[in-house]
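Shown next: protein_11.cif, containing mmCIF, C-alpha atoms and all ligand atoms.
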```
data_data
loop_
_atom_site.label_atom_id
_atom_site.label_comp_id
_atom_site.auth_asym_id
_atom_site.auth_seq_id
_atom_site.Cartn_x
_atom_site.Cartn_y
_atom_site.Cartn_z
CA MET A 1 20.07 8.33 6.98
CA ALA A 2 21.51 10.16 9.94
CA GLY A 3 19.38 9.52 12.97
CA LEU A 4 17.26 6.57 11.75
CA GLN A 5 17.38 4.25 14.77
CA ASN A 6 15.66 1.27 13.17
CA ASP A 7 16.39 0.74 9.47
CA ARG A 8 15.48 -2.98 9.33
CA LEU A 9 12.66 -2.34 6.88
CA LEU A 10 14.86 -0.42 4.43
CA ARG A 11 17.63 -2.99 4.72
CA ALA A 12 15.33 -5.98 4.19
CA LEU A 13 13.67 -4.32 1.17
CA LEU A 14 17.15 -3.98 -0.34
CA ARG A 15 18.09 -7.57 0.70
CA GLU A 16 20.81 -6.32 3.05
CA PRO A 17 21.52 -8.25 6.29
CA VAL A 18 19.24 -7.70 9.31
CA ASP A 19 19.17 -9.12 12.86
CA ARG A 20 15.53 -10.16 12.58
CA THR A 21 12.71 -9.96 10.03
CA PRO A 22 11.04 -6.52 10.04
CA VAL A 23 7.26 -6.43 10.44
CA TRP A 24 4.47 -3.97 9.67
CA ILE A 25 0.79 -4.44 8.84
CA MET A 26 -1.14 -3.32 5.79
CA ARG A 27 -3.87 -0.98 7.06
CA GLN A 28 -2.18 -0.89 10.48
CA ALA A 29 -3.94 2.39 11.33
CA GLY A 30 -7.66 1.96 11.08
CA ARG A 31 -10.94 0.69 12.30
CA TYR A 32 -9.73 -2.37 14.31
CA LEU A 33 -8.19 0.13 16.81
CA PRO A 34 -10.64 1.72 19.28
CA GLU A 35 -8.41 4.81 19.50
CA TYR A 36 -8.77 5.21 15.70
CA ARG A 37 -12.56 4.95 15.89
CA GLU A 38 -12.55 7.61 18.58
CA ILE A 39 -10.57 10.14 16.50
CA ARG A 40 -12.52 9.22 13.37
CA ALA A 41 -15.79 10.03 15.17
CA ARG A 42 -14.36 13.35 16.29
CA ALA A 43 -13.04 14.27 12.82
CA GLY A 44 -16.39 13.97 11.05
CA SER A 45 -15.87 12.22 7.73
CA PHE A 46 -12.99 9.98 6.69
CA MET A 47 -11.78 12.64 4.22
CA ASP A 48 -11.88 15.28 6.97
CA LEU A 49 -9.46 13.04 8.85
CA CYS A 50 -7.18 12.67 5.81
CA ARG A 51 -7.25 16.42 5.12
CA ASN A 52 -6.21 17.34 8.67
CA PRO A 53 -2.42 16.82 8.87
CA ASP A 54 -2.40 16.81 12.70
CA LEU A 55 -5.10 14.14 12.96
CA ALA A 56 -3.57 12.15 10.08
CA CYS A 57 -0.29 12.22 12.01
CA GLU A 58 -1.98 11.15 15.23
CA VAL A 59 -3.67 8.09 13.66
CA THR A 60 -0.44 7.14 11.87
CA MET A 61 1.28 7.00 15.27
CA GLN A 62 -1.46 5.01 17.07
CA PRO A 63 -0.45 1.48 15.98
CA LEU A 64 3.21 2.24 16.79
CA ARG A 65 2.31 3.02 20.40
CA ARG A 66 0.60 -0.34 20.78
CA PHE A 67 2.92 -2.62 18.82
CA ASP A 68 6.68 -2.76 18.22
CA LEU A 69 6.44 -2.27 14.44
CA ASP A 70 9.37 -1.58 12.11
CA ALA A 71 7.62 1.03 9.94
CA ALA A 72 4.96 3.70 9.92
CA ILE A 73 2.70 4.15 6.90
CA LEU A 74 1.24 7.51 6.00
CA PHE A 75 -2.42 7.73 6.95
CA SER A 76 -4.26 8.74 3.80
CA ASP A 77 -5.99 6.92 0.95
CA ILE A 78 -5.23 5.89 -2.62
CA LEU A 79 -8.31 7.79 -3.82
CA THR A 80 -6.91 11.24 -2.93
CA VAL A 81 -5.33 11.32 -6.43
CA PRO A 82 -8.53 10.89 -8.49
CA ASP A 83 -10.19 13.32 -6.05
CA ALA A 84 -7.49 15.88 -6.93
CA MET A 85 -8.15 15.12 -10.63
CA GLY A 86 -11.65 16.50 -10.04
CA LEU A 87 -13.78 13.36 -9.66
CA GLY A 88 -15.36 14.41 -6.36
CA LEU A 89 -14.61 11.67 -3.80
CA TYR A 90 -17.12 11.05 -1.03
CA PHE A 91 -17.90 8.22 1.37
CA GLU A 92 -21.44 6.94 1.74
CA ALA A 93 -21.97 5.66 5.31
CA GLY A 94 -21.24 1.91 5.35
CA GLU A 95 -20.86 1.75 1.55
CA GLY A 96 -17.25 2.67 0.85
CA PRO A 97 -15.85 5.24 -1.56
CA ARG A 98 -17.86 6.91 -4.35
CA PHE A 99 -17.08 9.42 -7.08
CA ALA A 100 -19.57 12.16 -7.97
CA HIS A 101 -18.18 12.33 -11.54
CA PRO A 102 -17.18 8.87 -12.80
CA LEU A 103 -15.42 8.73 -16.19
CA ARG A 104 -17.62 7.11 -18.78
CA ASP A 105 -16.68 8.60 -22.16
CA ALA A 106 -13.85 9.95 -24.30
CA ALA A 107 -14.77 13.57 -23.59
CA ALA A 108 -14.41 13.09 -19.82
CA ILE A 109 -11.14 11.14 -20.17
CA ASN A 110 -9.61 13.61 -22.63
CA ALA A 111 -10.56 16.55 -20.39
CA LEU A 112 -9.02 14.98 -17.28
CA PRO A 113 -6.27 17.19 -15.78
CA ILE A 114 -2.97 16.13 -14.19
CA PRO A 115 -3.29 17.70 -10.72
CA ASP A 116 -0.84 20.20 -9.33
CA VAL A 117 0.30 18.02 -6.44
CA ALA A 118 2.05 20.85 -4.56
CA ASP A 119 -1.27 22.64 -4.35
CA GLU A 120 -4.12 20.14 -4.42
CA LEU A 121 -2.43 17.40 -2.42
CA ARG A 122 -0.57 19.70 -0.07
CA TYR A 123 -2.56 18.27 2.85
CA VAL A 124 -0.85 14.89 2.20
CA THR A 125 2.70 16.22 1.98
CA ASP A 126 2.03 18.33 5.10
CA ALA A 127 1.00 15.14 6.89
CA VAL A 128 4.23 13.44 5.73
CA THR A 129 6.31 16.31 7.14
CA GLY A 130 4.46 16.19 10.46
CA ILE A 131 4.71 12.40 10.75
CA ARG A 132 8.47 12.49 10.13
CA GLN A 133 8.78 14.97 13.00
CA ALA A 134 6.62 12.84 15.28
CA LEU A 135 8.59 9.68 14.43
CA ALA A 136 11.84 11.47 15.32
CA GLY A 137 13.93 8.82 13.54
CA SER A 138 12.41 5.85 15.40
CA VAL A 139 11.28 3.91 12.29
CA PRO A 140 11.03 4.77 8.58
CA LEU A 141 7.89 6.24 7.03
CA ILE A 142 6.29 4.50 4.04
CA GLY A 143 4.52 6.68 1.48
CA PHE A 144 2.04 5.09 -0.92
CA ALA A 145 -0.29 5.40 -3.87
CA GLY A 146 -2.66 3.22 -5.86
CA SER A 147 -1.51 1.71 -9.16
CA PRO A 148 -2.89 3.45 -12.25
CA TRP A 149 -5.07 0.40 -13.06
CA THR A 150 -6.51 0.13 -9.53
CA LEU A 151 -7.25 3.87 -9.42
CA ALA A 152 -8.85 3.70 -12.88
CA THR A 153 -11.24 0.96 -11.69
CA TYR A 154 -12.66 3.37 -9.10
CA MET A 155 -12.64 6.30 -11.55
CA VAL A 156 -14.56 4.44 -14.25
CA GLU A 157 -16.88 2.37 -12.04
CA GLY A 158 -17.60 5.35 -9.77
CA GLY A 159 -16.69 3.38 -6.65
CA SER A 160 -15.97 -0.18 -5.51
CA SER A 161 -16.97 -2.91 -7.91
CA LYS A 162 -17.41 -6.67 -7.89
CA ASP A 163 -17.52 -7.27 -11.65
CA PHE A 164 -15.61 -4.25 -13.09
CA ARG A 165 -18.12 -4.15 -15.90
CA HIS A 166 -17.61 -0.55 -17.05
CA ILE A 167 -13.82 -0.56 -17.03
CA LYS A 168 -13.60 -4.01 -18.62
CA ALA A 169 -16.02 -2.99 -21.35
CA LEU A 170 -13.77 0.04 -21.91
CA ALA A 171 -10.66 -2.19 -21.99
CA TYR A 172 -12.18 -4.46 -24.66
CA ASP A 173 -14.03 -1.82 -26.71
CA GLN A 174 -11.64 1.14 -26.58
CA PRO A 175 -8.25 -0.03 -25.28
CA THR A 176 -6.35 3.05 -26.47
CA LEU A 177 -8.80 5.32 -24.67
CA LEU A 178 -8.21 3.34 -21.48
CA GLU A 179 -4.46 3.74 -22.09
CA THR A 180 -4.95 7.51 -22.28
CA LEU A 181 -6.62 7.39 -18.86
CA LEU A 182 -3.92 5.11 -17.42
CA ASP A 183 -1.16 7.35 -18.77
CA LYS A 184 -2.68 10.46 -17.15
CA THR A 185 -3.18 8.56 -13.91
CA ALA A 186 0.41 7.23 -14.03
CA ARG A 187 1.78 10.74 -14.46
CA SER A 188 -0.34 11.99 -11.55
CA VAL A 189 0.75 9.10 -9.32
CA THR A 190 4.43 9.64 -10.20
CA ASP A 191 4.24 13.32 -9.22
CA TYR A 192 2.35 12.39 -6.05
CA LEU A 193 4.88 9.78 -4.90
CA ASN A 194 7.84 12.02 -5.70
CA ALA A 195 6.21 14.79 -3.64
CA GLN A 196 5.88 12.35 -0.73
CA VAL A 197 9.60 11.53 -1.00
CA GLU A 198 10.42 15.22 -1.15
CA ALA A 199 8.39 15.71 2.04
CA GLY A 200 10.18 12.85 3.82
CA ALA A 201 8.78 9.42 2.84
CA GLN A 202 11.63 6.88 3.14
CA ALA A 203 10.08 3.95 1.22
CA LEU A 204 7.18 3.75 -1.22
CA MET A 205 4.45 1.19 -1.79
CA ILE A 206 2.17 0.95 -4.83
CA PHE A 207 -1.11 -0.89 -4.19
CA ASP A 208 -2.48 -2.75 -7.22
CA THR A 209 -5.44 -4.15 -5.34
CA TRP A 210 -7.47 -5.03 -8.44
CA GLY A 211 -4.75 -6.16 -10.87
CA GLY A 212 -5.77 -9.76 -10.21
CA ALA A 213 -9.17 -9.06 -11.81
CA LEU A 214 -7.56 -8.82 -15.25
CA ALA A 215 -6.99 -11.55 -17.86
CA HIS A 216 -3.31 -12.49 -18.22
CA ASP A 217 -2.48 -10.40 -21.31
CA ALA A 218 -4.68 -7.54 -20.12
CA TYR A 219 -2.76 -7.52 -16.81
CA GLN A 220 0.49 -6.91 -18.70
CA ARG A 221 -0.99 -4.19 -20.89
CA PHE A 222 -3.22 -2.26 -18.47
CA SER A 223 -1.74 -2.85 -15.03
CA LEU A 224 1.92 -3.84 -15.15
CA ALA A 225 2.97 -1.53 -18.00
CA PHE A 226 1.62 1.54 -16.20
CA ALA A 227 3.00 0.49 -12.82
CA ARG A 228 6.38 0.26 -14.57
CA GLN A 229 5.86 3.75 -16.03
CA VAL A 230 5.31 5.08 -12.49
CA ILE A 231 8.30 3.24 -11.04
CA ASP A 232 10.57 4.44 -13.89
CA GLY A 233 9.65 8.04 -13.00
CA LEU A 234 10.35 7.83 -9.27
CA VAL A 235 13.17 9.55 -7.43
CA ARG A 236 15.08 6.57 -6.01
CA GLU A 237 17.61 8.24 -3.75
CA ARG A 238 17.47 10.97 -1.15
CA ASP A 239 20.06 12.17 1.38
CA GLY A 240 22.41 9.48 0.07
CA ARG A 241 20.00 6.64 0.81
CA ARG A 242 17.99 4.53 -1.65
CA ILE A 243 14.20 4.89 -1.47
CA PRO A 244 12.96 1.29 -1.84
CA VAL A 245 9.76 0.69 -3.81
CA VAL A 246 7.33 -2.16 -3.07
CA PHE A 247 4.80 -3.16 -5.72
CA PHE A 248 1.83 -5.29 -4.66
CA THR A 249 -0.65 -6.90 -7.05
CA LYS A 250 -3.32 -8.75 -5.10
CA GLY A 251 -4.00 -11.97 -6.97
CA GLY A 252 -0.76 -11.57 -8.94
CA ALA A 253 1.07 -14.72 -7.82
CA VAL A 254 0.51 -16.37 -11.21
CA TRP A 255 2.51 -13.59 -12.89
CA LEU A 256 5.35 -13.23 -10.35
CA GLU A 257 8.19 -13.69 -12.84
CA SER A 258 7.07 -10.80 -15.02
CA ILE A 259 6.11 -8.63 -12.04
CA ALA A 260 9.65 -9.06 -10.70
CA ASP A 261 10.86 -7.12 -13.76
CA CYS A 262 8.73 -4.03 -13.04
CA GLY A 263 11.62 -2.10 -11.50
CA ALA A 264 10.50 -2.37 -7.87
CA ASP A 265 12.93 -3.41 -5.12
CA ALA A 266 10.34 -5.67 -3.51
CA LEU A 267 7.03 -7.34 -4.30
CA GLY A 268 4.06 -7.64 -1.98
CA VAL A 269 2.65 -11.17 -2.05
CA ASP A 270 -0.82 -12.31 -1.00
CA TRP A 271 -1.53 -15.62 0.79
CA THR A 272 -2.32 -17.68 -2.32
CA ILE A 273 1.30 -18.79 -2.77
CA SER A 274 3.98 -20.16 -0.45
CA LEU A 275 6.94 -17.82 -0.02
CA THR A 276 9.18 -20.79 -0.83
CA GLU A 277 7.75 -20.94 -4.32
CA ALA A 278 7.59 -17.14 -4.65
CA ARG A 279 11.26 -16.83 -3.69
CA ARG A 280 12.27 -19.58 -6.09
CA ARG A 281 10.44 -17.86 -8.93
CA VAL A 282 11.76 -14.31 -8.39
CA GLY A 283 15.29 -15.43 -7.47
CA ASP A 284 17.48 -12.62 -6.23
CA ARG A 285 15.81 -9.92 -8.31
CA VAL A 286 13.50 -8.57 -5.58
CA ALA A 287 12.71 -8.83 -1.89
CA LEU A 288 9.30 -10.19 -0.79
CA GLN A 289 6.74 -8.70 1.60
CA GLY A 290 3.92 -10.76 3.08
CA ASN A 291 2.05 -13.04 3.27
CA LEU A 292 0.09 -14.24 6.31
CA ASP A 293 -3.61 -14.77 5.53
CA PRO A 294 -5.31 -11.83 7.35
CA CYS A 295 -7.98 -14.27 8.61
CA THR A 296 -5.29 -16.04 10.65
CA LEU A 297 -5.74 -13.15 13.10
CA TYR A 298 -9.27 -14.36 13.94
CA ALA A 299 -7.65 -17.47 15.47
CA GLN A 300 -6.22 -17.85 18.98
CA PRO A 301 -2.71 -16.50 19.81
CA ASP A 302 -1.02 -19.95 19.88
CA VAL A 303 -2.41 -20.71 16.42
CA ILE A 304 -1.27 -17.29 15.17
CA ARG A 305 2.22 -18.04 16.46
CA GLY A 306 2.29 -21.33 14.58
CA GLU A 307 1.24 -19.62 11.34
CA VAL A 308 3.90 -16.91 11.79
CA GLN A 309 6.47 -19.68 12.19
CA ARG A 310 5.20 -21.33 9.01
CA VAL A 311 5.49 -18.11 6.94
CA LEU A 312 9.02 -17.45 8.28
CA ALA A 313 10.03 -21.04 7.51
CA GLU A 314 8.55 -20.85 4.03
CA TYR A 315 10.66 -17.79 3.22
CA GLY A 316 13.70 -19.55 4.72
CA PRO A 317 17.07 -18.18 5.82
CA GLY A 318 18.59 -14.80 4.99
CA SER A 319 17.41 -11.26 4.37
CA GLY A 320 14.94 -10.02 1.76
CA HIS A 321 11.73 -10.74 3.67
CA VAL A 322 9.43 -8.16 5.26
CA PHE A 323 6.76 -9.82 7.37
CA ASN A 324 3.24 -8.57 6.67
CA LEU A 325 -0.26 -9.80 6.01
CA GLY A 326 -1.19 -10.87 2.49
CA HIS A 327 -3.70 -7.98 2.39
CA GLY A 328 -5.12 -5.38 4.78
CA ILE A 329 -6.15 -6.20 8.33
CA HIS A 330 -9.91 -6.58 8.85
CA PRO A 331 -11.78 -4.11 11.12
CA GLN A 332 -13.04 -6.93 13.41
CA ILE A 333 -9.60 -8.26 14.43
CA PRO A 334 -8.85 -8.02 18.19
CA PRO A 335 -5.74 -5.86 18.75
CA GLU A 336 -4.36 -8.48 21.18
CA HIS A 337 -4.14 -10.94 18.29
CA VAL A 338 -2.06 -8.41 16.36
CA ALA A 339 0.23 -8.15 19.38
CA ALA A 340 0.62 -11.95 19.34
CA MET A 341 1.62 -11.85 15.67
CA VAL A 342 4.20 -9.08 16.15
CA GLU A 343 5.70 -10.79 19.22
CA ALA A 344 5.96 -14.06 17.33
CA VAL A 345 7.90 -12.38 14.49
CA HIS A 346 10.25 -10.81 17.07
CA GLU A 347 10.85 -14.08 18.89
CA LEU A 348 10.96 -16.54 16.01
CA SER A 349 12.72 -14.64 13.22
CA PRO A 350 16.25 -13.98 14.62
CA ASP A 351 17.10 -17.67 13.98
CA ARG A 352 16.62 -17.05 10.25
CA HIS A 353 19.34 -14.39 10.26
CA ALA A 354 22.04 -16.15 12.31
O1 LIG B 401 -14.47 4.93 7.70
C1 LIG B 401 -13.22 4.86 7.68
O2 LIG B 401 -12.54 5.06 8.70
C2 LIG B 401 -12.61 4.59 6.34
C3 LIG B 401 -11.83 3.33 6.23
C4 LIG B 401 -10.56 3.61 5.46
C5 LIG B 401 -9.26 3.67 6.00
C6 LIG B 401 -8.85 3.47 7.43
C7 LIG B 401 -10.46 3.92 4.09
C8 LIG B 401 -11.55 4.06 3.09
N1 LIG B 401 -9.12 4.16 3.78
C9 LIG B 401 -8.37 4.01 4.92
C10 LIG B 401 -6.90 4.27 5.05
C11 LIG B 401 -5.98 3.67 4.06
N2 LIG B 401 -6.32 3.21 2.81
C12 LIG B 401 -4.58 3.53 4.23
C13 LIG B 401 -3.75 4.08 5.39
C14 LIG B 401 -3.92 3.29 6.66
C15 LIG B 401 -2.85 2.29 6.96
O3 LIG B 401 -2.50 1.47 6.11
O4 LIG B 401 -2.41 2.29 8.12
C16 LIG B 401 -4.09 2.89 3.08
C17 LIG B 401 -2.65 2.47 2.79
C18 LIG B 401 -5.18 2.71 2.20
C19 LIG B 401 -5.07 2.13 0.86
C20 LIG B 401 -6.29 1.79 0.08
N3 LIG B 401 -7.50 2.45 0.02
C21 LIG B 401 -6.35 0.72 -0.83
C22 LIG B 401 -5.17 -0.18 -1.17
C23 LIG B 401 -4.88 -1.16 -0.09
C24 LIG B 401 -5.87 -2.29 0.06
O5 LIG B 401 -6.33 -2.49 1.18
O6 LIG B 401 -6.12 -2.98 -0.95
C25 LIG B 401 -7.64 0.71 -1.41
C26 LIG B 401 -8.18 -0.27 -2.42
C27 LIG B 401 -8.35 1.81 -0.87
C28 LIG B 401 -9.73 2.27 -1.23
C29 LIG B 401 -10.57 2.37 -0.02
N4 LIG B 401 -10.55 3.43 0.85
C30 LIG B 401 -11.38 3.17 1.91
C31 LIG B 401 -11.95 1.88 1.73
C32 LIG B 401 -12.92 1.23 2.65
C33 LIG B 401 -11.42 1.37 0.52
C34 LIG B 401 -11.67 0.00 -0.07
C35 LIG B 401 -12.90 0.02 -0.90
C36 LIG B 401 -13.07 -1.25 -1.69
O7 LIG B 401 -12.96 -2.35 -1.11
O8 LIG B 401 -13.28 -1.14 -2.91
#
```
Step by step, read the file and then write its structure as structure tokens.
Ligand code: 1CP
Amino acid sequence: MAGLQNDRLLRALLREPVDRTPVWIMRQAGRYLPEYREIRARAGSFMDLCRNPDLACEVTMQPLRRFDLDAAILFSDILTVPDAMGLGLYFEAGEGPRFAHPLRDAAAINALPIPDVADELRYVTDAVTGIRQALAGSVPLIGFAGSPWTLATYMVEGGSSKDFRHIKALAYDQPTLLETLLDKTARSVTDYLNAQVEAGAQALMIFDTWGGALAHDAYQRFSLAFARQVIDGLVRERDGRRIPVVFFTKGGAVWLESIADCGADALGVDWTISLTEARRRVGDRVALQGNLDPCTLYAQPDVIRGEVQRVLAEYGPGSGHVFNLGHGIHPQIPPEHVAAMVEAVHELSPDRHA
């Protein structure tokens, strides 16, 4: 794209040569940054922050001012889509997301609308437009959504869950009804991601945070199949440049071979597998993104550096690796430890691309 000064992320996701391994951090804007907590307090609720394109832009930019990162990620949430489908998202102080109208029966699922993204999620695409202006071509902007399965867990459970009892009962008792829900969610997510691309997102990530909660055959049927439906419906090129797609199933390392066939350009990988083994198993089908254990960042900077070196060595030489954590950064991590991680990637990775 004309004017993109740093395209390392896009190149690595497409396994094209780079001078060093690009790095960004899942949940890089958020509560571990004091400047985020300050704006968050001013905004009122978390959703007020998401719905204000200027503030969403400001918090997207905050981590980039502190750290030399190779990408920005839209500040928003995966749950904006079910909210736009009418489920009534709210956040209970200290308790995470909740839905006022969880889906518990066929009538509710059959009545569920596909939202008009241009109208109901306009606040997100407005944020994307504003962020692209603020970035001014410095680094690419990643747009994102939840996978249909992960969104459905929140929609059926009514919020976060430890045992997924309602959605798993639905999966075993009425699998075709669950498929109806997943199909509607997949169509909504596809429209939503394409609208983000239209507004200026230059790469896309699909978060399947709860795919790893499924049994092996159920993962294929309820998570992977609908992720593939989304990916098949995405606009993959804009302004003559490919829009790379990253698909991340937390806990999905056991299924890497089949996940590599989902149509994504790259797979997110958590810390349960070595990138040596992950790379061997996916071959040259996809790039890999990950996979430092987020808890590494509780350790001292010299230890963090050693662990960065280990992850880079495990991936080995050549392009096709985007350095990241294996899941989101925790709110208690000291920002200086993040700086140590980013510096280590800058200093240690050029050797891998000689
Ligand atoms: O009080 C606050 O400030 C709210 C905390 C918070 C933040 C900072 C929530 C509520 N969402 C977000 C932003 C967010 N969420 C981003 C953009 C920020 C960035 O990455 O820089 C992104 C990409 C997400 C994605 C997201 N939301 C996921 C998938 C990624 C993952 O970490 O697995 C999930 C599962 C959610 C749901 C959600 N929203 C918020 C919370 C606390 C949660 C998790 C709830 C749970 O554990 O079930």
Please list, as a VMD selection string, the residues that have an atom at most 10 Å away from (-3.0, 10.1, -17.5) in the coordinates of this file, counting all atoms listed in the file. chain A and resid 85 109 to 110 112 to 114 148 152 178 to 189 226
Can I get the selection written as a compact mmCIF listing (two decimals), in the coordinates of the input, with C-alpha atoms?
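selection37.txt written:
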```txt
# COMPACT_ATOMS: atom_id res chain seq x y z
CA MET A 85 -8.15 15.12 -10.63
CA ILE A 109 -11.14 11.14 -20.17
CA ASN A 110 -9.61 13.61 -22.63
CA LEU A 112 -9.02 14.98 -17.28
CA PRO A 113 -6.27 17.19 -15.78
CA ILE A 114 -2.97 16.13 -14.19
CA PRO A 148 -2.89 3.45 -12.25
CA ALA A 152 -8.85 3.70 -12.88
CA LEU A 178 -8.21 3.34 -21.48
CA GLU A 179 -4.46 3.74 -22.09
CA THR A 180 -4.95 7.51 -22.28
CA LEU A 181 -6.62 7.39 -18.86
CA LEU A 182 -3.92 5.11 -17.42
CA ASP A 183 -1.16 7.35 -18.77
CA LYS A 184 -2.68 10.46 -17.15
CA THR A 185 -3.18 8.56 -13.91
CA ALA A 186 0.41 7.23 -14.03
CA ARG A 187 1.78 10.74 -14.46
CA SER A 188 -0.34 11.99 -11.55
CA VAL A 189 0.75 9.10 -9.32
CA PHE A 226 1.62 1.54 -16.20
```
Distance query Gln300 of chain A at most 10 Å, only C-alpha atoms, self and fewer than 4 positions along chain excluded, as a PyMOL selection string: chain A and resi 296+304-305+336-337+340
Counting only C-alpha atoms, what is within 8 Å of Asp270 of chain A, bar same-chain residues fewer than 3 positions away, as a PyMOL selection string? chain A and resi 250-253+273+290-293+325-327
Can you list every residue of chain A that has an atom at most 6 Å from ligand LIG 401 (chain B), with its nearest atom pair and the distance in Å to one decimal, using all atoms listed in the file, ordered by chain then number, as JSON lines?
```
{"residue": "A:Met26", "atom": "CA", "partner": "B:LIG401", "partner_atom": "O3", "distance": 5.0}
{"residue": "A:Arg27", "atom": "CA", "partner": "B:LIG401", "partner_atom": "O3", "distance": 3.0}
{"residue": "A:Gln28", "atom": "CA", "partner": "B:LIG401", "partner_atom": "O4", "distance": 4.0}
{"residue": "A:Ala29", "atom": "CA", "partner": "B:LIG401", "partner_atom": "O4", "distance": 3.6}
{"residue": "A:Gly30", "atom": "CA", "partner": "B:LIG401", "partner_atom": "C6", "distance": 4.1}
{"residue": "A:Arg31", "atom": "CA", "partner": "B:LIG401", "partner_atom": "O2", "distance": 5.9}
{"residue": "A:Phe46", "atom": "CA", "partner": "B:LIG401", "partner_atom": "C1", "distance": 5.2}
{"residue": "A:Ile73", "atom": "CA", "partner": "B:LIG401", "partner_atom": "O4", "distance": 5.6}
{"residue": "A:Phe75", "atom": "CA", "partner": "B:LIG401", "partner_atom": "C13", "distance": 4.2}
{"residue": "A:Ser76", "atom": "CA", "partner": "B:LIG401", "partner_atom": "C13", "distance": 5.0}
{"residue": "A:Asp77", "atom": "CA", "partner": "B:LIG401", "partner_atom": "N2", "distance": 4.2}
{"residue": "A:Ile78", "atom": "CA", "partner": "B:LIG401", "partner_atom": "N3", "distance": 4.9}
{"residue": "A:Gly96", "atom": "CA", "partner": "B:LIG401", "partner_atom": "C32", "distance": 4.9}
{"residue": "A:Ser160", "atom": "CA", "partner": "B:LIG401", "partner_atom": "O8", "distance": 3.9}
{"residue": "A:Phe207", "atom": "CA", "partner": "B:LIG401", "partner_atom": "C22", "distance": 5.1}
{"residue": "A:Thr209", "atom": "CA", "partner": "B:LIG401", "partner_atom": "O6", "distance": 4.6}
{"residue": "A:Gly328", "atom": "CA", "partner": "B:LIG401", "partner_atom": "O5", "distance": 4.8}
```
Name all residues at most 9 Å from Cys262 of chain A (count only C-alpha atoms; drop same-chain ones fewer than 5 positions away) and give them as a PyMOL selection string. chain A and resi 224-225+227-229+231-232+247
Which residues, written as an MDAnalysis selection string, have at least one atom at most 8 Å from Pro82 of chain A, with only C-alpha atoms counted and residues fewer than 6 positions away on the same chain left out? chainID A and resid 88:89 151 155 185
Could N, CA and C atoms be built for segment 317-328 of chain A and written out as a tab-separated table (two decimals), in the frame of the given file?
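Output file out_11.tsv is given in full below:
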```tsv
chain	number	residue	atom	x	y	z
A	317	PRO	N	16.01	-18.99	5.20
A	317	PRO	CA	17.07	-18.18	5.82
A	317	PRO	C	17.45	-16.96	4.99
A	318	GLY	N	18.02	-15.95	5.69
A	318	GLY	CA	18.59	-14.80	4.99
A	318	GLY	C	17.65	-13.62	4.93
A	319	SER	N	18.19	-12.50	4.45
A	319	SER	CA	17.41	-11.26	4.37
A	319	SER	C	16.55	-11.25	3.10
A	320	GLY	N	15.80	-10.15	2.94
A	320	GLY	CA	14.94	-10.02	1.76
A	320	GLY	C	13.50	-10.35	2.03
A	321	HIS	N	13.12	-10.50	3.32
A	321	HIS	CA	11.73	-10.74	3.67
A	321	HIS	C	11.25	-9.67	4.65
A	322	VAL	N	10.12	-9.05	4.33
A	322	VAL	CA	9.43	-8.16	5.26
A	322	VAL	C	8.14	-8.86	5.65
A	323	PHE	N	7.98	-9.12	6.93
A	323	PHE	CA	6.76	-9.82	7.37
A	323	PHE	C	5.57	-8.86	7.31
A	324	ASN	N	4.45	-9.37	6.75
A	324	ASN	CA	3.24	-8.57	6.67
A	324	ASN	C	2.09	-9.54	6.45
A	325	LEU	N	0.89	-9.01	6.44
A	325	LEU	CA	-0.26	-9.80	6.01
A	325	LEU	C	-0.27	-9.85	4.49
A	326	GLY	N	-1.06	-10.78	3.94
A	326	GLY	CA	-1.19	-10.87	2.49
A	326	GLY	C	-2.13	-9.82	1.92
A	327	HIS	N	-2.89	-9.14	2.79
A	327	HIS	CA	-3.70	-7.98	2.39
A	327	HIS	C	-4.04	-7.25	3.69
A	328	GLY	N	-4.87	-6.21	3.61
A	328	GLY	CA	-5.12	-5.38	4.78
A	328	GLY	C	-5.81	-6.11	5.93
```
